[in-house]
Amino acid sequence: MLLQLVANGLCAGALYAIVALGFGLIYRTTGVFHFAHGAVYTIAAYLLYLFDATMGLPTIGAALIALTGAAVSGVLSEVMVYRPIARRISSPLATLIGAFGIYLFTVNAIALIFGNETKVLRSGVDITFPFGPIILTRFQLLAFLAFVAVCVGFLFFKRTQLGRLLLAFADNPMLVEVLGWNTSTIRIGVFAAGSLLAGIAASLSALDVGMDPYVGMSALLMSAVAVIVGGVKVFEGAIVGGILLGIVQSLVVWRLSARWMDVFTFIILVLFLLLRPEGLLGKAVRLEEAR
């Protein structure tokens with residue numbers, strides 16, 4: 001029983017980690033608390049529904065459209081909202097309000113077009129795969145395999161010249177610009193990549209349990225908590241934080257009920273903010289160093 005719960009938690013945490021890695025990538029490199037990450041997640045899920053269930057395209061083709069739409073949505077957020085705000089107002093609060101506006105507009109537009117009820121792409125009992133005492137559904141297995149592929153790809157990317165450039169940009173954007181790189185192009189690439197990761201998780205979740213217009217808010221909150229728990233300053237922290245949240249939530253459902261999942265999630269958040277604000281993988285620094 002315990003092994004099954006841990007396996008369920010790993011698969012759920014795999015999706016959290018993918019979304020959180022995208023959110024953390026954007027926040028760590030640009031400093032933007034990308035509230036519209038939840039909107040991108042919702043857009044990807046509904047694009048998949050539109051082209052798969054409504055228009056009858058093959059699932060793979062519909063998923064590719066959904067991923068492309070997610071990446072484009074992230075880029076549009078940067079080009080049409082974040083960049084103009086940054087040029088006129090330097091306050092991070094203005095950017096946060098702009099991001100929240102994107103989210104509200106997206107959710108209400110989707111609710112107006114598709115309705116507020118939950119949409120389901122697959123009905124009936126899903127195919128299962130036994131692994132000894134553990135049984136996983138097809139979409140749980142796909143989620144975990146996607147998580148492994150994303151992690152391997154990200155670790156490989158960090159070792160490339162482009163990956164090292166991204167790390168340098170996260171640490172010192174002005175220095176990267178002085179060296180001749182176009183920081184606007186880098187930011188667009190970051191938003192595209194981070195939003196693509198949100199689209200991957202959204203598509204897998206939509207195929208498994210469906211979606212409603214507000215599904216992106218939960219994904220956003222889980223990803224933000226995962227980034228803080230794992231460590232804001234470390235890209236891999238989002239991965240560790242997402243997996244940890246998935247396992248904790250699975251164990252909470254076992255011992256208590258699903259209604260306590262969010263409560264324990266934010267208890268963990270508060271504990272980390274109070275006791276270890278640098279996160280699991282972060283390093284504590286002196287106050288003057290943090291400044």
# chains A, B, ... in the order shown; residues from 1 in each chain; ligands from 1
>>> residues_around(residues="Val232 of chain A", least_positions_apart="3", cutoff="10 Å", atoms="only C-alpha atoms", output="tab-separated table (two decimals) with C-alpha atoms, in the first residue's frame")
chain	number	residue	atom	x	y	z
A	24	GLY	CA	11.43	28.64	-11.93
A	25	LEU	CA	13.30	29.04	-15.21
A	27	TYR	CA	11.53	33.62	-12.44
A	28	ARG	CA	15.21	32.79	-11.90
A	224	ALA	CA	5.51	28.42	-6.97
A	225	VAL	CA	5.57	26.38	-3.74
A	226	ALA	CA	7.81	23.76	-5.36
A	227	VAL	CA	10.30	26.43	-6.47
A	228	ILE	CA	10.44	27.97	-2.99
A	229	VAL	CA	10.76	24.59	-1.25
A	235	PHE	CA	17.09	25.50	-11.18
A	236	GLU	CA	17.04	21.88	-10.01
A	237	GLY	CA	15.25	22.97	-6.83
A	238	ALA	CA	11.96	23.10	-8.73
A	277	PRO	CA	14.02	30.30	3.13
A	278	GLU	CA	16.86	29.36	0.79
A	279	GLY	CA	15.15	26.01	0.08
A	280	LEU	CA	16.42	22.46	0.15
A	281	LEU	CA	19.15	22.93	-2.45
A	282	GLY	CA	19.90	26.60	-1.77
>>> select_by_dssp(residues="segment 232-263 of chain A", states="alpha helix (DSSP H)", output="list in words")
Gly237, Ala238, Ile239, Val240, Gly241, Gly242, Ile243, Leu244, Leu245, Gly246, Ile247, Val248, Gln249, Ser250, Leu251, Val252, Val253, Trp254, Arg255, Met261, Asp262 and Val263 of chain A
>>> write_last_selection(atoms="all heavy atoms", output="compact mmCIF listing (two decimals), in the first residue's frame")
# COMPACT_ATOMS: atom_id res chain seq x y z
N GLY A 237 16.10 22.94 -8.01
CA GLY A 237 15.25 22.97 -6.83
C GLY A 237 13.79 22.78 -7.16
O GLY A 237 13.04 22.17 -6.38
N ALA A 238 13.35 23.27 -8.31
CA ALA A 238 11.96 23.10 -8.73
C ALA A 238 11.63 21.63 -8.91
O ALA A 238 10.52 21.18 -8.57
CB ALA A 238 11.70 23.87 -10.03
N ILE A 239 12.58 20.87 -9.42
CA ILE A 239 12.36 19.44 -9.63
C ILE A 239 12.21 18.73 -8.29
O ILE A 239 11.26 17.96 -8.08
CB ILE A 239 13.53 18.83 -10.43
CG1 ILE A 239 13.61 19.49 -11.82
CG2 ILE A 239 13.39 17.33 -10.55
CD1 ILE A 239 14.83 19.10 -12.63
N VAL A 240 13.13 19.00 -7.38
CA VAL A 240 13.08 18.36 -6.06
C VAL A 240 11.83 18.77 -5.31
O VAL A 240 11.14 17.94 -4.70
CB VAL A 240 14.34 18.73 -5.24
CG1 VAL A 240 14.24 18.20 -3.82
CG2 VAL A 240 15.59 18.21 -5.93
N GLY A 241 11.50 20.06 -5.34
CA GLY A 241 10.30 20.55 -4.65
C GLY A 241 9.03 19.95 -5.21
O GLY A 241 8.12 19.59 -4.45
N GLY A 242 8.93 19.81 -6.52
CA GLY A 242 7.74 19.22 -7.12
C GLY A 242 7.54 17.77 -6.73
O GLY A 242 6.42 17.35 -6.39
N ILE A 243 8.61 16.99 -6.76
CA ILE A 243 8.51 15.59 -6.36
C ILE A 243 8.13 15.47 -4.89
O ILE A 243 7.28 14.64 -4.51
CB ILE A 243 9.85 14.86 -6.63
CG1 ILE A 243 10.11 14.77 -8.14
CG2 ILE A 243 9.85 13.48 -6.00
CD1 ILE A 243 9.12 13.92 -8.89
N LEU A 244 8.74 16.29 -4.05
CA LEU A 244 8.43 16.25 -2.62
C LEU A 244 6.96 16.57 -2.36
O LEU A 244 6.29 15.87 -1.58
CB LEU A 244 9.32 17.25 -1.88
CG LEU A 244 9.07 17.38 -0.37
CD1 LEU A 244 9.36 16.06 0.33
CD2 LEU A 244 9.90 18.50 0.23
N LEU A 245 6.43 17.58 -3.02
CA LEU A 245 5.02 17.94 -2.84
C LEU A 245 4.10 16.81 -3.28
O LEU A 245 3.09 16.52 -2.63
CB LEU A 245 4.70 19.21 -3.62
CG LEU A 245 5.23 20.53 -3.08
CD1 LEU A 245 4.79 21.68 -3.96
CD2 LEU A 245 4.75 20.76 -1.65
N GLY A 246 4.43 16.18 -4.40
CA GLY A 246 3.60 15.08 -4.88
C GLY A 246 3.52 13.93 -3.88
O GLY A 246 2.45 13.39 -3.62
N ILE A 247 4.66 13.56 -3.31
CA ILE A 247 4.69 12.46 -2.35
C ILE A 247 3.96 12.84 -1.07
O ILE A 247 3.17 12.05 -0.53
CB ILE A 247 6.16 12.06 -2.05
CG1 ILE A 247 6.80 11.46 -3.30
CG2 ILE A 247 6.21 11.04 -0.91
CD1 ILE A 247 8.27 11.16 -3.15
N VAL A 248 4.21 14.05 -0.57
CA VAL A 248 3.53 14.50 0.65
C VAL A 248 2.02 14.51 0.46
O VAL A 248 1.27 14.04 1.32
CB VAL A 248 4.04 15.89 1.07
CG1 VAL A 248 3.15 16.49 2.15
CG2 VAL A 248 5.48 15.81 1.56
N GLN A 249 1.55 15.03 -0.65
CA GLN A 249 0.11 15.07 -0.89
C GLN A 249 -0.49 13.68 -0.97
O GLN A 249 -1.59 13.44 -0.47
CB GLN A 249 -0.18 15.85 -2.17
CG GLN A 249 0.04 17.35 -2.03
CD GLN A 249 -0.38 18.11 -3.27
OE1 GLN A 249 -0.64 17.52 -4.32
NE2 GLN A 249 -0.45 19.42 -3.17
N SER A 250 0.23 12.75 -1.60
CA SER A 250 -0.28 11.37 -1.69
C SER A 250 -0.39 10.74 -0.31
O SER A 250 -1.38 10.06 -0.01
CB SER A 250 0.66 10.54 -2.57
OG SER A 250 0.18 9.22 -2.71
N LEU A 251 0.58 10.98 0.56
CA LEU A 251 0.54 10.42 1.91
C LEU A 251 -0.55 11.09 2.76
O LEU A 251 -1.18 10.45 3.59
CB LEU A 251 1.90 10.59 2.58
CG LEU A 251 3.05 9.79 1.94
CD1 LEU A 251 4.38 10.10 2.64
CD2 LEU A 251 2.76 8.30 1.97
N VAL A 252 -0.78 12.39 2.52
CA VAL A 252 -1.84 13.09 3.24
C VAL A 252 -3.20 12.51 2.89
O VAL A 252 -4.06 12.31 3.75
CB VAL A 252 -1.80 14.60 2.93
CG1 VAL A 252 -3.07 15.30 3.40
CG2 VAL A 252 -0.58 15.24 3.60
N VAL A 253 -3.42 12.22 1.61
CA VAL A 253 -4.69 11.61 1.18
C VAL A 253 -4.88 10.26 1.85
O VAL A 253 -5.98 9.89 2.26
CB VAL A 253 -4.72 11.47 -0.35
CG1 VAL A 253 -5.94 10.67 -0.79
CG2 VAL A 253 -4.74 12.84 -1.00
N TRP A 254 -3.78 9.53 2.00
CA TRP A 254 -3.86 8.20 2.62
C TRP A 254 -4.23 8.30 4.10
O TRP A 254 -5.11 7.60 4.58
CB TRP A 254 -2.50 7.50 2.44
CG TRP A 254 -2.37 6.19 3.16
CD1 TRP A 254 -3.31 5.20 3.25
CD2 TRP A 254 -1.22 5.72 3.89
NE1 TRP A 254 -2.81 4.14 3.98
CE2 TRP A 254 -1.54 4.43 4.38
CE3 TRP A 254 0.03 6.26 4.15
CZ2 TRP A 254 -0.63 3.69 5.13
CZ3 TRP A 254 0.93 5.50 4.89
CH2 TRP A 254 0.59 4.24 5.37
N ARG A 255 -3.58 9.19 4.82
CA ARG A 255 -3.79 9.27 6.26
C ARG A 255 -4.99 10.13 6.65
O ARG A 255 -5.62 9.89 7.68
CB ARG A 255 -2.54 9.83 6.95
CG ARG A 255 -1.28 9.02 6.71
CD ARG A 255 -1.41 7.58 7.14
NE ARG A 255 -1.68 7.47 8.57
CZ ARG A 255 -1.84 6.32 9.21
NH1 ARG A 255 -1.80 5.18 8.54
NH2 ARG A 255 -2.09 6.30 10.50
N MET A 261 -5.00 18.25 1.41
CA MET A 261 -3.81 18.34 0.57
C MET A 261 -3.26 19.76 0.51
O MET A 261 -2.07 20.00 0.75
CB MET A 261 -4.13 17.85 -0.85
CG MET A 261 -4.25 16.34 -0.97
SD MET A 261 -4.84 15.83 -2.60
CE MET A 261 -3.77 16.75 -3.69
N ASP A 262 -4.12 20.71 0.19
CA ASP A 262 -3.67 22.10 0.06
C ASP A 262 -3.22 22.67 1.40
O ASP A 262 -2.27 23.47 1.46
CB ASP A 262 -4.78 22.96 -0.52
CG ASP A 262 -5.07 22.63 -1.97
OD1 ASP A 262 -4.19 22.02 -2.62
OD2 ASP A 262 -6.17 22.95 -2.45
N VAL A 263 -3.88 22.23 2.48
CA VAL A 263 -3.50 22.71 3.81
C VAL A 263 -2.06 22.32 4.11
O VAL A 263 -1.24 23.15 4.53
CB VAL A 263 -4.45 22.16 4.89
CG1 VAL A 263 -3.95 22.55 6.27
CG2 VAL A 263 -5.86 22.67 4.67
>>> atom_distance(atom1="atom CA of Phe169 of chain A", atom2="atom CA of Gly199 of chain A")
24.1 Å
>>> closest_atom_pairs(of="segment 153-228 of chain A", to="segment 37-44 of chain A", cutoff="9 Å", atoms="only C-alpha atoms", output="tab-separated table")
residue	atom	partner	partner_atom	distance
A:Gly194	CA	A:His37	CA	8.5
A:Ser195	CA	A:Val40	CA	6.5
A:Leu196	CA	A:Val40	CA	8.8
A:Ala198	CA	A:Tyr41	CA	5.4
A:Gly199	CA	A:Ala44	CA	5.2
A:Ile200	CA	A:Ala44	CA	8.2
A:Ala201	CA	A:Tyr41	CA	7.8
A:Ala202	CA	A:Tyr41	CA	5.5
A:Ser203	CA	A:Ala44	CA	6.5
A:Met211	CA	A:Thr42	CA	8.0
A:Asp212	CA	A:Thr42	CA	8.0
A:Pro213	CA	A:Thr42	CA	6.5
A:Tyr214	CA	A:Thr42	CA	7.4
A:Val215	CA	A:Thr42	CA	6.4
A:Gly216	CA	A:Gly38	CA	4.0
A:Met217	CA	A:Gly38	CA	5.3
A:Ser218	CA	A:Gly38	CA	7.8
A:Ala219	CA	A:Gly38	CA	6.3
A:Leu220	CA	A:Gly38	CA	4.9
A:Leu221	CA	A:Gly38	CA	8.4
>>> select_by_dssp(residues="segment 15-215 of chain A", states="strand (DSSP E)", output="compact mmCIF listing (two decimals) with all heavy atoms, in the first residue's frame")
# COMPACT_ATOMS: atom_id res chain seq x y z
N THR A 128 -3.73 -0.06 -17.52
CA THR A 128 -2.81 -0.09 -16.39
C THR A 128 -1.63 -1.01 -16.68
O THR A 128 -1.71 -1.93 -17.51
CB THR A 128 -3.50 -0.59 -15.11
OG1 THR A 128 -4.05 -1.90 -15.34
CG2 THR A 128 -4.63 0.36 -14.71
N PHE A 129 -0.51 -0.74 -15.98
CA PHE A 129 0.71 -1.52 -16.14
C PHE A 129 1.21 -1.92 -14.76
O PHE A 129 1.50 -1.04 -13.93
CB PHE A 129 1.79 -0.71 -16.86
CG PHE A 129 1.40 -0.30 -18.26
CD1 PHE A 129 0.74 0.91 -18.48
CD2 PHE A 129 1.70 -1.12 -19.34
CE1 PHE A 129 0.39 1.29 -19.75
CE2 PHE A 129 1.35 -0.73 -20.62
CZ PHE A 129 0.69 0.48 -20.83
N PRO A 130 1.29 -3.22 -14.48
CA PRO A 130 1.78 -3.66 -13.16
C PRO A 130 3.31 -3.69 -13.12
O PRO A 130 3.97 -4.11 -14.06
CB PRO A 130 1.21 -5.07 -13.04
CG PRO A 130 1.06 -5.55 -14.45
CD PRO A 130 0.81 -4.35 -15.29
N PHE A 131 3.86 -3.21 -12.00
CA PHE A 131 5.30 -3.29 -11.73
C PHE A 131 5.46 -3.90 -10.35
O PHE A 131 5.68 -3.19 -9.36
CB PHE A 131 5.95 -1.90 -11.79
CG PHE A 131 5.86 -1.24 -13.14
CD1 PHE A 131 4.78 -0.42 -13.46
CD2 PHE A 131 6.83 -1.47 -14.11
CE1 PHE A 131 4.70 0.19 -14.71
CE2 PHE A 131 6.75 -0.87 -15.36
CZ PHE A 131 5.68 -0.05 -15.66
N ILE A 134 3.19 -2.55 -7.53
CA ILE A 134 2.76 -1.20 -7.94
C ILE A 134 2.02 -1.29 -9.27
O ILE A 134 2.46 -1.98 -10.20
CB ILE A 134 3.96 -0.25 -8.07
CG1 ILE A 134 4.67 -0.11 -6.72
CG2 ILE A 134 3.53 1.11 -8.59
CD1 ILE A 134 5.98 0.64 -6.81
N ILE A 135 0.91 -0.58 -9.37
CA ILE A 135 0.14 -0.51 -10.61
C ILE A 135 0.02 0.95 -11.02
O ILE A 135 -0.43 1.79 -10.25
CB ILE A 135 -1.27 -1.11 -10.43
CG1 ILE A 135 -1.16 -2.60 -10.06
CG2 ILE A 135 -2.09 -0.95 -11.70
CD1 ILE A 135 -2.49 -3.25 -9.77
N LEU A 136 0.44 1.24 -12.25
CA LEU A 136 0.38 2.60 -12.78
C LEU A 136 -0.51 2.63 -14.02
O LEU A 136 -0.50 1.69 -14.81
CB LEU A 136 1.77 3.11 -13.14
CG LEU A 136 2.79 3.23 -12.01
CD1 LEU A 136 4.14 3.68 -12.56
CD2 LEU A 136 2.31 4.17 -10.94
N THR A 137 -1.25 3.72 -14.15
CA THR A 137 -2.05 3.89 -15.36
C THR A 137 -1.15 4.37 -16.50
O THR A 137 0.00 4.77 -16.28
CB THR A 137 -3.18 4.92 -15.14
OG1 THR A 137 -2.60 6.21 -14.94
CG2 THR A 137 -4.03 4.55 -13.93
>>> residues_around(residues="Ala63 of chain A", least_positions_apart="2", cutoff="10 Å", atoms="only C-alpha atoms", output="list in words")
Ala44, Ala45, Leu47, Leu48, Tyr49, Phe51, Asp52, Leu57, Pro58, Thr59, Ile60, Gly61, Ile65, Ala66, Leu67, Thr68, Gly69, Gly199, Ile200, Ala202, Ser203, Leu204 and Leu207 of chain A
>>> closest_residue(among="A:Leu271, A:Val234, A:Val32, A:Ala53", to="Leu93 of chain A", atoms="only C-alpha atoms")
A:Val32
>>> residues_around(residues="Leu275 of chain A", least_positions_apart="6", cutoff="12 Å", atoms="only C-alpha atoms", output="PyMOL selection string")
chain A and resi 229+267-269+284
>>> write_last_selection(atoms="N, CA, C and O atoms", output="CSV table (one decimal), in the first residue's frame")
chain,number,residue,atom,x,y,z
A,229,VAL,N,10.3,25.7,-2.1
A,229,VAL,CA,10.8,24.6,-1.3
A,229,VAL,C,12.1,24.1,-1.8
A,229,VAL,O,13.0,23.8,-1.0
A,267,ILE,N,1.3,24.5,4.6
A,267,ILE,CA,2.1,24.4,5.9
A,267,ILE,C,3.6,24.2,5.6
A,267,ILE,O,4.4,24.8,6.2
A,268,ILE,N,3.8,23.3,4.6
A,268,ILE,CA,5.2,23.1,4.2
A,268,ILE,C,5.9,24.4,3.7
A,268,ILE,O,7.0,24.7,4.0
A,269,LEU,N,5.1,25.2,2.9
A,269,LEU,CA,5.6,26.5,2.4
A,269,LEU,C,6.0,27.4,3.6
A,269,LEU,O,7.1,28.0,3.6
A,284,ALA,N,22.6,29.0,2.3
A,284,ALA,CA,22.4,30.2,3.2
A,284,ALA,C,23.5,31.2,3.0
A,284,ALA,O,24.7,30.8,2.9
>>> residues_around(residues="Val209 of chain A", least_positions_apart="5", cutoff="9 Å", atoms="only C-alpha atoms", output="PyMOL selection string")
chain A and resi 119-122+204
>>> write_last_selection(atoms="C-alpha atoms", output="PDB file, in the first residue's frame")
ATOM      1  CA  LYS A 119     -14.108  18.769 -19.927  1.00  0.00           C
ATOM      2  CA  VAL A 120     -12.895  15.191 -20.210  1.00  0.00           C
ATOM      3  CA  LEU A 121     -10.834  13.865 -23.099  1.00  0.00           C
ATOM      4  CA  ARG A 122     -10.881  10.198 -22.146  1.00  0.00           C
ATOM      5  CA  LEU A 204      -0.635  15.101 -19.808  1.00  0.00           C
TER       6      LEU A 204
END
>>> closest_atom_pairs(of="segment 17-53 of chain A", to="segment 141-164 of chain A", cutoff="10 Å", atoms="only C-alpha atoms", output="Markdown table")
| residue | atom | partner | partner_atom | distance |
| --- | --- | --- | --- | --- |
| A:Ala17 | CA | A:Phe147 | CA | 7.5 |
| A:Ile18 | CA | A:Phe147 | CA | 6.4 |
| A:Leu21 | CA | A:Cys151 | CA | 9.2 |
>>> residues_around(residues="segment 185-187 of chain A", least_positions_apart="6", cutoff="12 Å", atoms="only C-alpha atoms", output="PyMOL selection string")
chain A and resi 25-32+74-79+82-83+162-163+165-170+173+176-177+193-194
>>> closest_residue(among="A:Thr265, A:Gly230, A:Thr183, A:Leu2", to="Lys283 of chain A", atoms="only C-alpha atoms")
A:Gly230
>>> atom_distance(atom1="atom CA of Val125 of chain A", atom2="atom CA of Leu64 of chain A")
25.0 Å
>>> atom_distance(atom1="atom CA of Gly180 of chain A", atom2="atom CA of Ile85 of chain A")
23.9 Å
